Structure formats: structure tokens, C-alpha cells
$ cat entry19.cif   # mmCIF, C-alpha atoms and all ligand atoms
data_coords
#
loop_
_atom_site.label_atom_id
_atom_site.label_comp_id
_atom_site.auth_asym_id
_atom_site.auth_seq_id
_atom_site.Cartn_x
_atom_site.Cartn_y
_atom_site.Cartn_z
CA MET A 25 -26.17 -18.23 9.16
CA LYS A 26 -23.85 -16.04 11.28
CA LYS A 27 -23.03 -12.58 9.98
CA VAL A 28 -19.48 -11.25 10.00
CA ALA A 29 -18.22 -7.71 9.32
CA PHE A 30 -14.68 -6.42 8.78
CA TYR A 31 -12.93 -3.14 9.44
CA THR A 32 -9.43 -2.52 8.08
CA LEU A 33 -6.90 0.14 9.06
CA GLY A 34 -3.61 0.78 7.31
CA CYS A 35 -1.95 -0.35 4.12
CA LYS A 36 -2.85 -2.32 1.01
CA LEU A 37 -1.34 -5.41 2.55
CA ASN A 38 -3.86 -5.27 5.39
CA PHE A 39 -6.68 -4.84 2.87
CA SER A 40 -5.54 -7.85 0.87
CA GLU A 41 -5.31 -9.94 4.04
CA THR A 42 -8.75 -8.86 5.31
CA SER A 43 -10.15 -9.79 1.92
CA THR A 44 -8.57 -13.24 2.06
CA ILE A 45 -9.74 -13.86 5.65
CA SER A 46 -13.26 -12.78 4.69
CA ARG A 47 -13.27 -15.33 1.83
CA LYS A 48 -12.32 -18.02 4.39
CA PHE A 49 -15.35 -17.05 6.45
CA GLU A 50 -17.59 -17.24 3.39
CA GLU A 51 -16.22 -20.69 2.52
CA LYS A 52 -17.23 -21.83 6.02
CA GLY A 53 -20.79 -20.61 5.50
CA TYR A 54 -20.67 -17.22 7.22
CA GLN A 55 -22.37 -14.25 5.60
CA LYS A 56 -20.21 -11.18 5.02
CA VAL A 57 -22.13 -7.99 5.84
CA ASP A 58 -21.47 -4.27 6.30
CA PHE A 59 -20.23 -2.99 9.63
CA THR A 60 -23.58 -1.38 10.40
CA ASP A 61 -25.60 -4.46 9.44
CA ARG A 62 -25.83 -5.86 13.01
CA PRO A 63 -23.18 -8.56 12.57
CA ASP A 64 -22.64 -11.43 15.02
CA ILE A 65 -18.87 -11.15 14.62
CA PHE A 66 -16.61 -8.13 14.05
CA ILE A 67 -13.05 -8.57 12.82
CA ILE A 68 -10.91 -5.44 13.15
CA ASN A 69 -7.60 -5.51 11.26
CA THR A 70 -5.25 -2.95 12.85
CA CYS A 71 -2.12 -1.10 11.81
CA SER A 72 0.87 0.00 13.89
CA VAL A 73 1.81 2.84 11.59
CA THR A 74 -1.58 4.55 11.89
CA GLU A 75 -1.44 7.67 14.08
CA ASN A 76 -3.17 7.02 17.43
CA ALA A 77 -3.61 3.30 16.68
CA ASP A 78 -4.77 2.71 20.24
CA LYS A 79 -7.41 5.43 20.21
CA LYS A 80 -8.71 4.33 16.81
CA CYS A 81 -8.95 0.72 17.89
CA ARG A 82 -10.92 1.67 21.04
CA LYS A 83 -13.26 3.83 18.99
CA ILE A 84 -14.03 1.10 16.48
CA VAL A 85 -14.63 -1.43 19.27
CA ARG A 86 -17.05 1.02 20.97
CA GLU A 87 -18.80 1.59 17.66
CA ALA A 88 -19.12 -2.17 17.07
CA ARG A 89 -20.53 -2.71 20.55
CA SER A 90 -23.15 -0.01 20.06
CA ILE A 91 -24.26 -1.62 16.77
CA SER A 92 -24.38 -5.23 18.09
CA PRO A 93 -23.98 -5.29 21.91
CA ASP A 94 -23.64 -9.10 22.04
CA ALA A 95 -21.43 -9.61 19.01
CA TYR A 96 -17.99 -11.25 19.14
CA VAL A 97 -15.16 -8.74 18.60
CA ALA A 98 -11.74 -9.98 17.43
CA ILE A 99 -8.69 -7.78 16.85
CA ILE A 100 -5.95 -8.83 14.42
CA GLY A 101 -3.12 -7.11 12.51
CA CYS A 102 0.15 -5.31 13.23
CA TYR A 103 -1.03 -3.43 16.29
CA ALA A 104 -2.46 -6.64 17.75
CA GLN A 105 0.96 -8.28 17.33
CA LEU A 106 2.77 -5.36 18.99
CA LYS A 107 0.44 -4.76 21.96
CA PRO A 108 -1.69 -7.87 22.53
CA LYS A 109 -2.08 -7.36 26.28
CA GLU A 110 -3.09 -3.70 26.04
CA ILE A 111 -5.65 -4.52 23.38
CA SER A 112 -7.09 -7.45 25.32
CA GLU A 113 -7.85 -4.99 28.13
CA ILE A 114 -9.94 -2.69 25.93
CA PRO A 115 -13.53 -3.06 27.14
CA GLY A 116 -15.57 -5.04 24.62
CA VAL A 117 -12.70 -7.00 23.04
CA ASP A 118 -13.21 -10.80 22.96
CA ALA A 119 -10.06 -11.97 21.19
CA VAL A 120 -6.65 -10.74 20.02
CA LEU A 121 -4.70 -12.65 17.37
CA GLY A 122 -1.11 -11.98 16.36
CA ALA A 123 0.65 -12.22 13.01
CA ALA A 124 1.19 -15.99 13.17
CA GLU A 125 -2.42 -16.72 14.14
CA LYS A 126 -4.65 -14.36 12.18
CA PHE A 127 -5.14 -16.66 9.19
CA ARG A 128 -6.29 -19.47 11.49
CA LEU A 129 -8.89 -17.23 13.11
CA VAL A 130 -11.94 -19.24 12.11
CA GLU A 131 -10.43 -22.45 13.52
CA LEU A 132 -8.92 -20.92 16.69
CA LEU A 133 -12.04 -19.06 17.77
CA ASP A 134 -14.19 -22.11 17.25
CA GLY A 135 -17.85 -21.04 17.20
CA PHE A 136 -17.10 -17.48 18.40
CA VAL A 137 -18.47 -17.98 21.93
CA ARG A 138 -17.80 -15.02 24.21
CA GLN A 139 -15.82 -15.70 27.42
CA PRO A 140 -15.67 -13.56 30.56
CA GLU A 141 -12.07 -12.56 29.67
CA ALA A 142 -10.58 -11.78 26.27
CA VAL A 143 -8.52 -14.62 24.76
CA VAL A 144 -5.09 -13.82 23.35
CA TYR A 145 -3.33 -15.83 20.65
CA ALA A 146 -0.13 -13.92 19.94
CA SER A 147 3.12 -15.83 19.62
CA ASP A 148 6.47 -14.10 19.31
CA VAL A 149 6.88 -12.51 15.93
CA GLU A 150 9.61 -15.06 15.03
CA LYS A 151 6.77 -17.56 14.69
CA ALA A 152 5.26 -15.49 11.90
CA ASN A 153 7.38 -17.28 9.34
CA THR A 154 4.87 -18.80 6.97
CA PHE A 155 3.53 -17.06 3.90
CA ASN A 156 -0.21 -16.74 3.41
CA THR A 157 -1.32 -15.97 -0.11
CA SER A 158 -3.65 -12.97 -0.05
CA TYR A 159 -5.37 -10.73 -2.53
CA SER A 160 -8.12 -8.17 -2.32
CA ILE A 161 -10.87 -7.53 -4.78
CA ASN A 162 -12.51 -4.22 -3.90
CA ASP A 163 -14.45 -3.56 -7.03
CA ARG A 164 -14.09 -5.51 -10.22
CA THR A 165 -11.23 -3.42 -11.58
CA ARG A 166 -8.03 -3.88 -9.56
CA THR A 167 -6.67 -6.38 -7.13
CA PHE A 168 -3.85 -6.04 -4.61
CA LEU A 169 -1.88 -9.27 -4.64
CA LYS A 170 0.52 -9.90 -1.77
CA VAL A 171 3.74 -11.49 -3.05
CA GLN A 172 6.04 -10.82 -0.09
CA ASP A 173 5.67 -10.23 3.65
CA GLY A 174 7.89 -9.08 6.54
CA CYS A 175 11.21 -7.23 6.37
CA ASP A 176 14.84 -7.96 7.25
CA TYR A 177 15.92 -4.31 7.15
CA SER A 178 16.26 -2.31 10.33
CA CYS A 179 15.23 1.25 9.54
CA SER A 180 15.45 3.04 12.87
CA PHE A 181 11.91 4.47 12.79
CA CYS A 182 10.04 1.36 11.71
CA THR A 183 8.02 -1.15 13.75
CA ILE A 184 6.99 -3.29 10.80
CA PRO A 185 9.69 -5.97 11.27
CA LEU A 186 8.46 -6.30 14.90
CA ALA A 187 4.86 -6.60 13.77
CA ARG A 188 5.23 -8.74 10.65
CA GLY A 189 8.40 -10.71 11.15
CA SER A 190 11.22 -11.49 8.74
CA SER A 191 11.17 -11.34 4.96
CA ARG A 192 9.43 -14.20 3.21
CA SER A 193 7.64 -14.70 -0.08
CA ASP A 194 5.26 -16.79 -2.03
CA SER A 195 6.79 -18.93 -4.78
CA ILE A 196 6.60 -17.76 -8.40
CA GLU A 197 4.74 -20.94 -9.23
CA ASN A 198 2.07 -20.21 -6.65
CA ILE A 199 1.79 -16.55 -7.64
CA LEU A 200 1.30 -17.53 -11.29
CA LYS A 201 -1.46 -19.88 -10.19
CA THR A 202 -3.17 -17.11 -8.20
CA ALA A 203 -2.74 -14.62 -11.06
CA ARG A 204 -4.40 -17.08 -13.46
CA GLU A 205 -7.24 -17.50 -10.97
CA ILE A 206 -7.65 -13.72 -10.85
CA ALA A 207 -7.53 -13.61 -14.67
CA GLN A 208 -10.70 -15.74 -14.67
CA THR A 209 -12.54 -12.88 -12.90
CA GLU A 210 -13.32 -9.47 -14.37
CA VAL A 211 -10.23 -7.89 -12.80
CA LYS A 212 -8.03 -6.04 -15.31
CA GLU A 213 -5.16 -4.85 -13.15
CA ILE A 214 -3.00 -6.58 -10.53
CA VAL A 215 -1.00 -4.45 -8.10
CA LEU A 216 1.94 -6.38 -6.60
CA THR A 217 2.27 -5.59 -2.91
CA GLY A 218 4.55 -6.51 -0.06
CA VAL A 219 6.24 -4.96 2.94
CA ASN A 220 9.54 -4.86 1.06
CA THR A 221 8.40 -6.00 -2.38
CA GLY A 222 11.81 -5.73 -4.05
CA ASP A 223 13.17 -8.23 -1.51
CA PHE A 224 10.90 -10.88 -3.04
CA GLY A 225 12.26 -14.41 -3.21
CA ILE A 226 13.20 -15.52 0.33
CA ARG A 227 11.70 -18.79 1.53
CA ASN A 228 12.57 -20.42 4.88
CA GLY A 229 15.31 -17.87 5.39
CA LYS A 230 17.01 -18.65 2.03
CA ARG A 231 16.93 -16.67 -1.19
CA GLU A 232 15.32 -18.88 -3.81
CA GLU A 233 14.15 -16.37 -6.44
CA HIS A 234 14.42 -12.68 -7.38
CA PHE A 235 11.88 -9.96 -8.06
CA ILE A 236 12.99 -9.72 -11.71
CA ASP A 237 12.18 -13.45 -12.18
CA LEU A 238 8.71 -12.82 -10.77
CA ILE A 239 7.84 -9.92 -13.06
CA GLN A 240 9.21 -11.70 -16.11
CA ALA A 241 7.03 -14.72 -15.31
CA LEU A 242 3.90 -12.65 -14.63
CA ASP A 243 4.28 -10.81 -17.93
CA THR A 244 3.25 -14.02 -19.69
CA VAL A 245 -0.09 -14.44 -17.83
CA GLU A 246 -2.97 -14.11 -20.26
CA GLY A 247 -6.11 -12.23 -19.27
CA ILE A 248 -4.56 -9.49 -17.10
CA ASP A 249 -4.11 -6.18 -18.93
CA ARG A 250 -1.93 -4.41 -16.41
CA PHE A 251 0.53 -5.11 -13.64
CA ARG A 252 1.63 -2.34 -11.27
CA VAL A 253 4.35 -2.55 -8.60
CA SER A 254 3.07 -0.87 -5.44
CA SER A 255 6.36 0.26 -3.91
CA ILE A 256 10.01 -0.72 -4.18
CA GLU A 257 13.10 0.29 -2.19
CA PRO A 258 15.56 2.33 -4.33
CA ASN A 259 18.49 0.02 -3.57
CA LEU A 260 16.49 -2.94 -4.91
CA LEU A 261 15.24 -1.18 -8.04
CA THR A 262 17.87 -2.51 -10.41
CA ASP A 263 18.62 -1.42 -13.98
CA GLU A 264 17.36 -4.85 -15.06
CA ILE A 265 13.94 -4.24 -13.48
CA ILE A 266 13.65 -0.75 -14.99
CA GLU A 267 14.69 -1.99 -18.44
CA PHE A 268 12.24 -4.85 -18.24
CA VAL A 269 9.32 -2.57 -17.33
CA ALA A 270 10.33 -0.19 -20.14
CA GLN A 271 9.84 -2.88 -22.79
CA SER A 272 6.92 -4.70 -21.16
CA ASN A 273 3.44 -4.31 -22.55
CA ARG A 274 1.78 -5.09 -19.27
CA PHE A 275 3.96 -3.69 -16.48
CA VAL A 276 3.02 -0.02 -16.38
CA PRO A 277 5.51 2.89 -16.12
CA HIS A 278 4.67 3.83 -12.54
CA PHE A 279 7.20 3.53 -9.72
CA HIS A 280 6.62 4.32 -6.09
CA VAL A 281 10.05 4.58 -4.49
CA PRO A 282 10.53 5.50 -0.81
CA LEU A 283 13.18 8.18 -0.30
CA GLN A 284 12.36 9.26 3.30
CA SER A 285 14.91 12.09 3.35
CA GLY A 286 16.98 14.09 0.89
CA SER A 287 19.70 14.61 3.49
CA ASN A 288 22.44 11.98 3.60
CA LYS A 289 22.97 12.72 7.29
CA ILE A 290 19.31 11.87 8.06
CA LEU A 291 19.30 8.82 5.76
CA LYS A 292 22.18 7.46 7.81
CA LEU A 293 20.36 8.10 11.08
CA MET A 294 17.34 6.38 9.60
CA ARG A 295 19.55 3.39 8.72
CA ARG A 296 18.36 3.42 5.16
CA ARG A 297 20.49 1.36 2.79
CA TYR A 298 21.38 4.11 0.31
CA GLN A 299 22.43 7.71 0.00
CA ARG A 300 20.59 10.24 -2.09
CA GLU A 301 23.01 9.91 -5.05
CA LEU A 302 21.71 6.36 -5.56
CA TYR A 303 18.15 7.67 -5.50
CA THR A 304 18.99 10.30 -8.13
CA SER A 305 20.50 7.62 -10.34
CA ARG A 306 17.29 5.53 -10.10
CA VAL A 307 15.11 8.50 -11.11
CA GLU A 308 17.43 9.34 -14.00
CA LYS A 309 17.49 5.74 -15.22
CA ILE A 310 13.68 5.50 -15.14
CA LYS A 311 13.20 8.79 -16.94
CA ALA A 312 15.84 7.96 -19.56
CA SER A 313 14.06 4.69 -20.42
CA MET A 314 10.46 5.92 -19.96
CA PRO A 315 10.16 9.71 -20.24
CA ASN A 316 6.44 9.62 -19.31
CA ALA A 317 6.92 7.39 -16.27
CA CYS A 318 5.25 8.46 -13.06
CA ILE A 319 7.50 8.44 -9.99
CA GLY A 320 6.00 8.78 -6.51
CA VAL A 321 8.13 9.40 -3.44
CA ASP A 322 7.61 8.63 0.26
CA VAL A 323 9.21 11.17 2.56
CA ILE A 324 9.27 11.58 6.35
CA VAL A 325 9.53 15.02 7.98
CA GLY A 326 10.56 15.79 11.55
CA PHE A 327 12.85 12.80 12.10
CA PRO A 328 15.00 13.29 15.26
CA GLY A 329 18.02 15.43 14.43
CA GLU A 330 16.44 16.93 11.28
CA THR A 331 17.44 20.61 11.51
CA GLN A 332 15.86 23.35 9.44
CA GLU A 333 18.89 23.14 7.10
CA ASP A 334 18.48 19.37 6.71
CA PHE A 335 14.81 19.82 5.90
CA LEU A 336 15.57 22.55 3.35
CA GLU A 337 18.13 20.24 1.77
CA THR A 338 15.35 17.64 1.34
CA TYR A 339 13.00 20.30 -0.01
CA GLN A 340 15.53 21.58 -2.56
CA TYR A 341 16.45 18.08 -3.59
CA LEU A 342 12.83 17.10 -4.22
CA ASN A 343 12.09 20.40 -5.92
CA GLU A 344 14.75 19.67 -8.53
CA LEU A 345 13.98 15.97 -8.93
CA ASN A 346 11.92 14.81 -11.91
CA ILE A 347 9.11 13.17 -9.93
CA ALA A 348 5.30 13.31 -10.00
CA TYR A 349 4.05 13.31 -6.41
CA LEU A 350 5.01 12.89 -2.77
CA HIS A 351 3.52 10.87 0.06
CA VAL A 352 4.43 12.89 3.12
CA PHE A 353 4.62 11.28 6.56
CA THR A 354 5.08 13.27 9.73
CA TYR A 355 7.49 11.46 12.01
CA SER A 356 6.02 10.23 15.28
CA GLU A 357 7.76 8.29 18.03
CA ARG A 358 7.08 4.55 18.18
CA ASP A 359 7.83 2.32 21.15
CA ASN A 360 10.75 -0.09 20.77
CA THR A 361 12.41 1.76 17.91
CA LEU A 362 15.93 3.15 17.90
CA ALA A 363 14.72 6.50 16.52
CA SER A 364 12.50 7.11 19.55
CA THR A 365 15.62 7.18 21.74
CA MET A 366 17.56 9.58 19.50
CA LYS A 367 18.44 13.14 20.39
CA GLY A 368 17.23 16.21 18.52
CA ARG A 369 13.47 15.85 18.90
CA VAL A 370 11.74 18.18 16.43
CA PRO A 371 8.89 20.24 17.97
CA GLU A 372 5.41 19.20 16.78
CA ARG A 373 4.71 22.65 15.31
CA GLU A 374 7.86 22.42 13.22
CA ARG A 375 6.94 18.91 12.00
CA SER A 376 3.51 20.18 10.86
CA GLU A 377 5.03 23.17 9.08
CA ARG A 378 7.49 20.95 7.18
CA SER A 379 4.69 18.60 6.25
CA ARG A 380 2.60 21.52 4.99
CA MET A 381 5.48 22.75 2.81
CA LEU A 382 5.98 19.33 1.24
CA HIS A 383 2.26 18.91 0.58
CA ILE A 384 2.32 22.15 -1.40
CA LEU A 385 5.41 20.95 -3.26
CA SER A 386 3.66 17.68 -4.05
CA ASP A 387 0.67 19.52 -5.59
CA LYS A 388 3.07 21.58 -7.71
CA LYS A 389 4.91 18.48 -8.86
CA ARG A 390 1.72 16.64 -9.76
CA ARG A 391 0.42 19.60 -11.73
CA LYS A 392 3.69 19.87 -13.66
CA PHE A 393 3.62 16.12 -14.39
CA TYR A 394 0.04 16.37 -15.68
CA GLU A 395 0.97 19.40 -17.81
CA ASP A 396 3.89 17.50 -19.33
CA ASN A 397 1.43 14.80 -20.39
CA LEU A 398 -1.11 17.09 -22.06
CA GLY A 399 -1.68 16.07 -25.67
CA GLN A 400 -0.46 12.50 -25.06
CA SER A 401 -2.60 9.48 -25.82
CA ALA A 402 -3.16 6.97 -23.04
CA ALA A 403 -5.41 4.11 -21.92
CA VAL A 404 -7.63 4.78 -18.91
CA LEU A 405 -9.03 2.02 -16.77
CA PHE A 406 -12.25 3.49 -15.39
CA GLU A 407 -13.15 2.28 -11.91
CA ASN A 408 -16.39 2.06 -10.00
CA ASP A 409 -15.57 5.44 -8.49
CA ILE A 410 -18.51 7.68 -9.31
CA GLU A 411 -18.98 11.20 -7.95
CA ASP A 412 -21.36 13.93 -9.09
CA GLY A 413 -22.19 12.05 -12.27
CA HIS A 414 -18.51 11.55 -13.14
CA MET A 415 -16.38 8.42 -13.19
CA HIS A 416 -12.64 8.23 -12.56
CA GLY A 417 -9.79 6.04 -13.63
CA PHE A 418 -6.04 5.92 -14.03
CA THR A 419 -3.77 5.90 -17.04
CA GLU A 420 -0.81 3.52 -17.15
CA ASN A 421 1.34 6.28 -15.65
CA TYR A 422 -1.11 7.01 -12.85
CA ILE A 423 -2.77 10.16 -14.11
CA ARG A 424 -6.27 10.38 -12.64
CA VAL A 425 -8.74 11.02 -15.44
CA THR A 426 -12.33 12.13 -14.99
CA ALA A 427 -15.17 11.71 -17.52
CA LYS A 428 -18.95 11.80 -17.60
CA TYR A 429 -20.32 8.59 -16.11
CA ASP A 430 -20.95 5.91 -18.69
CA PRO A 431 -21.69 2.44 -17.21
CA VAL A 432 -20.44 0.76 -20.38
CA LEU A 433 -16.93 2.11 -19.83
CA ILE A 434 -16.51 0.96 -16.22
CA ASN A 435 -13.76 -1.64 -15.97
CA GLU A 436 -12.77 -1.14 -19.61
CA LEU A 437 -9.47 0.14 -20.94
CA LYS A 438 -10.42 3.23 -22.88
CA PRO A 439 -8.02 4.90 -25.30
CA VAL A 440 -8.03 8.69 -24.87
CA ARG A 441 -6.06 11.84 -25.57
CA LEU A 442 -5.28 13.90 -22.45
CA THR A 443 -6.59 17.38 -23.15
CA HIS A 444 -7.21 19.54 -20.12
CA ILE A 445 -6.58 19.82 -16.36
CA ASN A 446 -9.74 20.89 -14.57
CA GLU A 447 -10.13 23.12 -11.50
CA LYS A 448 -9.99 20.06 -9.21
CA GLY A 449 -6.61 19.13 -10.69
CA LEU A 450 -8.04 16.11 -12.53
CA MET A 451 -7.25 15.33 -16.15
CA GLU A 452 -9.97 15.51 -18.78
CA ALA A 453 -9.63 13.62 -22.04
CA GLU A 454 -11.13 13.07 -25.47
CA ASP A 455 -12.02 9.66 -26.85
CA LEU A 456 -9.77 7.94 -29.32
CA ALA A 457 -10.92 5.12 -31.55
CA GLU A 458 -10.23 1.71 -30.02
CA GLU A 459 -7.76 0.63 -32.67
CA ILE A 460 -5.46 3.64 -32.26
CA LEU A 461 -4.08 2.71 -28.91
CA LEU A 462 -4.14 -0.06 -26.41
CA HIS A 463 -1.04 -2.03 -26.02
S1 LIG B 1 12.48 -1.27 4.53
FE1 LIG B 1 12.65 -0.12 6.46
S2 LIG B 1 10.77 1.14 6.48
FE2 LIG B 1 10.39 -0.51 5.02
S3 LIG B 1 9.41 -2.12 6.23
FE3 LIG B 1 11.59 -2.58 6.21
S4 LIG B 1 12.38 -1.66 8.10
FE4 LIG B 1 10.36 -0.74 7.69
#

$ encode --input "entry19.cif" --output "C-alpha cells"
Amino acid sequence: MKKVAFYTLGCKLNFSETSTISRKFEEKGYQKVDFTDRPDIFIINTCSVTENADKKCRKIVREARSISPDAYVAIIGCYAQLKPKEISEIPGVDAVLGAAEKFRLVELLDGFVRQPEAVVYASDVEKANTFNTSYSINDRTRTFLKVQDGCDYSCSFCTIPLARGSSRSDSIENILKTAREIAQTEVKEIVLTGVNTGDFGIRNGKREEHFIDLIQALDTVEGIDRFRVSSIEPNLLTDEIIEFVAQSNRFVPHFHVPLQSGSNKILKLMRRRYQRELYTSRVEKIKASMPNACIGVDVIVGFPGETQEDFLETYQYLNELNIAYLHVFTYSERDNTLASTMKGRVPERERSERSRMLHILSDKKRRKFYEDNLGQSAAVLFENDIEDGHMHGFTENYIRVTAKYDPVLINELKPVRLTHINEKGLMEAEDLAEEILLH
């Protein structure tokens, strides 16, 4: 039995796809092993957003070769789609597969026999127009279910449409089927993921369904306690979606909404489809319907043309906004993007300083959000995340709770009262009787 190992860089989507590809290998009789377990085949799933994607890819290939010198090494993922030739020239690489080919890997690389030269299967990204159902199961607790892929927007900094192709989705019928399959396992929470999740519903270039239809349908699936939406563009986060989540027992009050900049001038240069007033209205609507909702924000610092004043405008804006945390990205130039040709390059030192300031702001915001929730009751889903004799889990509104390890509570929804924020910034809680809470 041949042994296969996987390495994944990048986002949740990549993880869900690696997971699905690994199940295909298992169905064909391969044995999935750890990276260090002398595999016969290595599959490396790359990301184009990752800083130094090229360097990282080379390093992992070197590492793989030193573990199993004769193994077969295949590279897939966004970076493989963007730079197939460059990757095929990395010493030790046997195959490169683009976005349209990666799910047919087992068939295309028939038998995984090494050739003197690396083989490349990377069609133009326009060919990546089919949807492949994918979900990951890391531990028993949560699964990332891909419902949408690709993107039709043209944000000036982003290479994702070049790497993943145009927007397309699974059908609601198929997603319900997959969700019911997942409900048969021990998984308690499904996280809906996509490149542009809110754009759900396009099939063969035509809009067939909407995101609101999907969440309404999923809400009826028995056997899943929680649904979480991984990220949604502010212009697609409609009142209808917010109101639906507010009254749903299963969709949790947690929204991750990319902002990218608090300066309207920069938003325009980024070619985002909204101005900050729209973003403010989304935050206000969420908080009016769900005062305890957790709102996370993506923001990019150091975009070309971002002056110190523009950055301070973003800082002030975020400082006043009722949100819980930030994901801060430092802008870096990407080939074939409009932004990389723009004037007003921000010096690296300045980019780092802005990132540092926003990281501090994020910690402050999170702390305030946790403080606002002290004394509240909540349900924690404890995960298989054990450290120093403690387990960790998340409440519906994404507060990370720590408690003394108790194997019985792993993968259970535990009703608690949030009591104390410890020195690590984690929430501690006291038990509540089962019948008090749980929706
Ligand atoms: S919405 Fe913009 S940033 Fe997001 S994937 Fe599409 S083009 Fe990229």
C-alpha cells in the first residue's frame, strides 16, 4: 500500500480541498500518513497570498526530499496555477497541477512514476469552471465546508481571481446532501467557506440561487448544532441575512467582514465595491439586532498611495467602530495586479509600523469585547485543543474559553457563565446546569 502525505499552505478553502483530495486517495487504497512518516507521495497545496510563496514551496520540497529521497512530489493550489513553469523548475518537483486539474490528480498522475522532467498540467484559469464539493474534518468538532469558489470582483491587489477563476457554487440541493452526510459524523459545527461566500449561487455563469436561500435551507438540517459563516463581503451582507441570523437557533452571531481600509480614497484605489459608510451601516445593523455579536474585520496596511493621514483615518475609524478583532495584512506587491503598478509605494518600515499599531488596536478591541460579555451565559464547544492540561473552545460569538481538561467535555456543547479574563487574555467560565442554556 503506497503512503501519501499532505502539506497545506493558506486559507480554509485550501484545507478543505486538501482534505477532500486526501479522501480520494484513501478511497483508491492509499494510506494517508504524516509528512515525516517516509511517504511515497507528497502533495503540497500552495497559496498565492502567502508571503514568500516561492521560498516556502522550495523549502517544503527540500524537506520532503530529505525525508523520502525517492518519493513523488506534486504541487497543487493557487501558486501552482499562477506560476506552473517556475514551480516545475524547482529541483525535486515531479508534477505541477493547476486549478482545473488538482481534483483529478490521482487519475492524471497514474501510478506516480517519476520522470526525468517534471510534468505540468495547468490549463488557463478560465478552464477552472467546475465546482468540486470539498470539506475538511480536522478533529471531530468542526468542519469547513466549501460552498462557493472563485471570484468575479476585481480588487486591485488580489490575485485570487487569476488563481481560482470565476465565481461558481455548489447547488443548495448538493450542499444539503453533504451537510446531512456530515451530520452522520460526530461533527457539531459547520463553517461555510468560499472565496467570496456572499456571492453564492452562480452556476455556469448564471445566478441560480442566493446566499440567503442557502442559509435558510441549512437551518433545517438536523444533527448539526452550529453553522458559522467564515467571511462575507460588506456589500453582500444584506439586512435579510443579518435578520435571519438574528432569529436563527443554529447560525451563530459571528460575522467576519473584510473592510480593507477605513479611507474612502484607498477603498476606491483598491476597487472595493463599497465606501466606509456602507460598512458602518452593516456594523450598526448587526449590533442593533444582536448586541453580543462578534464582528471581525480584515484590514490591509501600506497599500500604494496610503499616506500617514489615510492610515490614521483608518485607525480612528476602527477605533470608534463596535467590533471585536482585526485581521491585519501588510500589503505586498503581487505580479499581474493593478495595485503593483500604482504610484505611492509605502516604505517597508512604514508598513510594519502601521501593522504593529493595528495589532495593538486589535488586542484592545478583543479585550473590550470580552469584558462586555463578562457575566453572560453561553455555550462553549470544546475542541481537541489541549495545552498545559487545559482545553479550549469557542462560544457562539467566538469568545475563546479555557477550562481544565476534561475528556468527557471534548466535542460537547457546554453551557457556562463567562466569569473572568485570565492573564493570557482567554475567558474563564463557570459551569451552568445543562437545562439552563443551549439553544
Ligand atoms: S472580493 Fe476582492 S479580495 Fe476578495 S477574492 Fe474577490 S477580488 Fe480578491

$ atom_distance --input "entry19.cif" --atom1 "atom CA of A:Ser379" --atom2 "atom CA of A:Val73"
16.9 Å

$ residues_around --input "entry19.cif" --residues "A:Glu454" --least-positions-apart "4" --cutoff "9 Å" --atoms "only C-alpha atoms" --output "PyMOL selection string"
chain A and resi 439-443

$ write_last_selection --input "entry19.cif" --atoms "C-alpha atoms" --output "PDB file, in the coordinates of the input"
ATOM      1  CA  PRO A 439      -8.020   4.900 -25.300  1.00  0.00           C
ATOM      2  CA  VAL A 440      -8.030   8.690 -24.870  1.00  0.00           C
ATOM      3  CA  ARG A 441      -6.060  11.840 -25.570  1.00  0.00           C
ATOM      4  CA  LEU A 442      -5.280  13.900 -22.450  1.00  0.00           C
ATOM      5  CA  THR A 443      -6.590  17.380 -23.150  1.00  0.00           C
TER       6      THR A 443
END

$ residues_around --input "entry19.cif" --residues "A:Glu232" --least-positions-apart "6" --cutoff "10 Å" --atoms "all atoms listed in the file" --output "JSON, numbers by chain"
{"A": [193, 195, 196, 224, 225, 226]}

$ residues_around --input "entry19.cif" --residues "A:Ala187" --least-positions-apart "6" --cutoff "6 Å" --atoms "only C-alpha atoms" --output "JSON, numbers by chain"
{"A": [102, 105, 106]}

$ closest_residue --input "entry19.cif" --among "A:Thr361, A:Gln400, A:Ser92, A:Gln299" --to "ligand LIG 1 (chain B)" --atoms "all atoms listed in the file"
A:Thr361
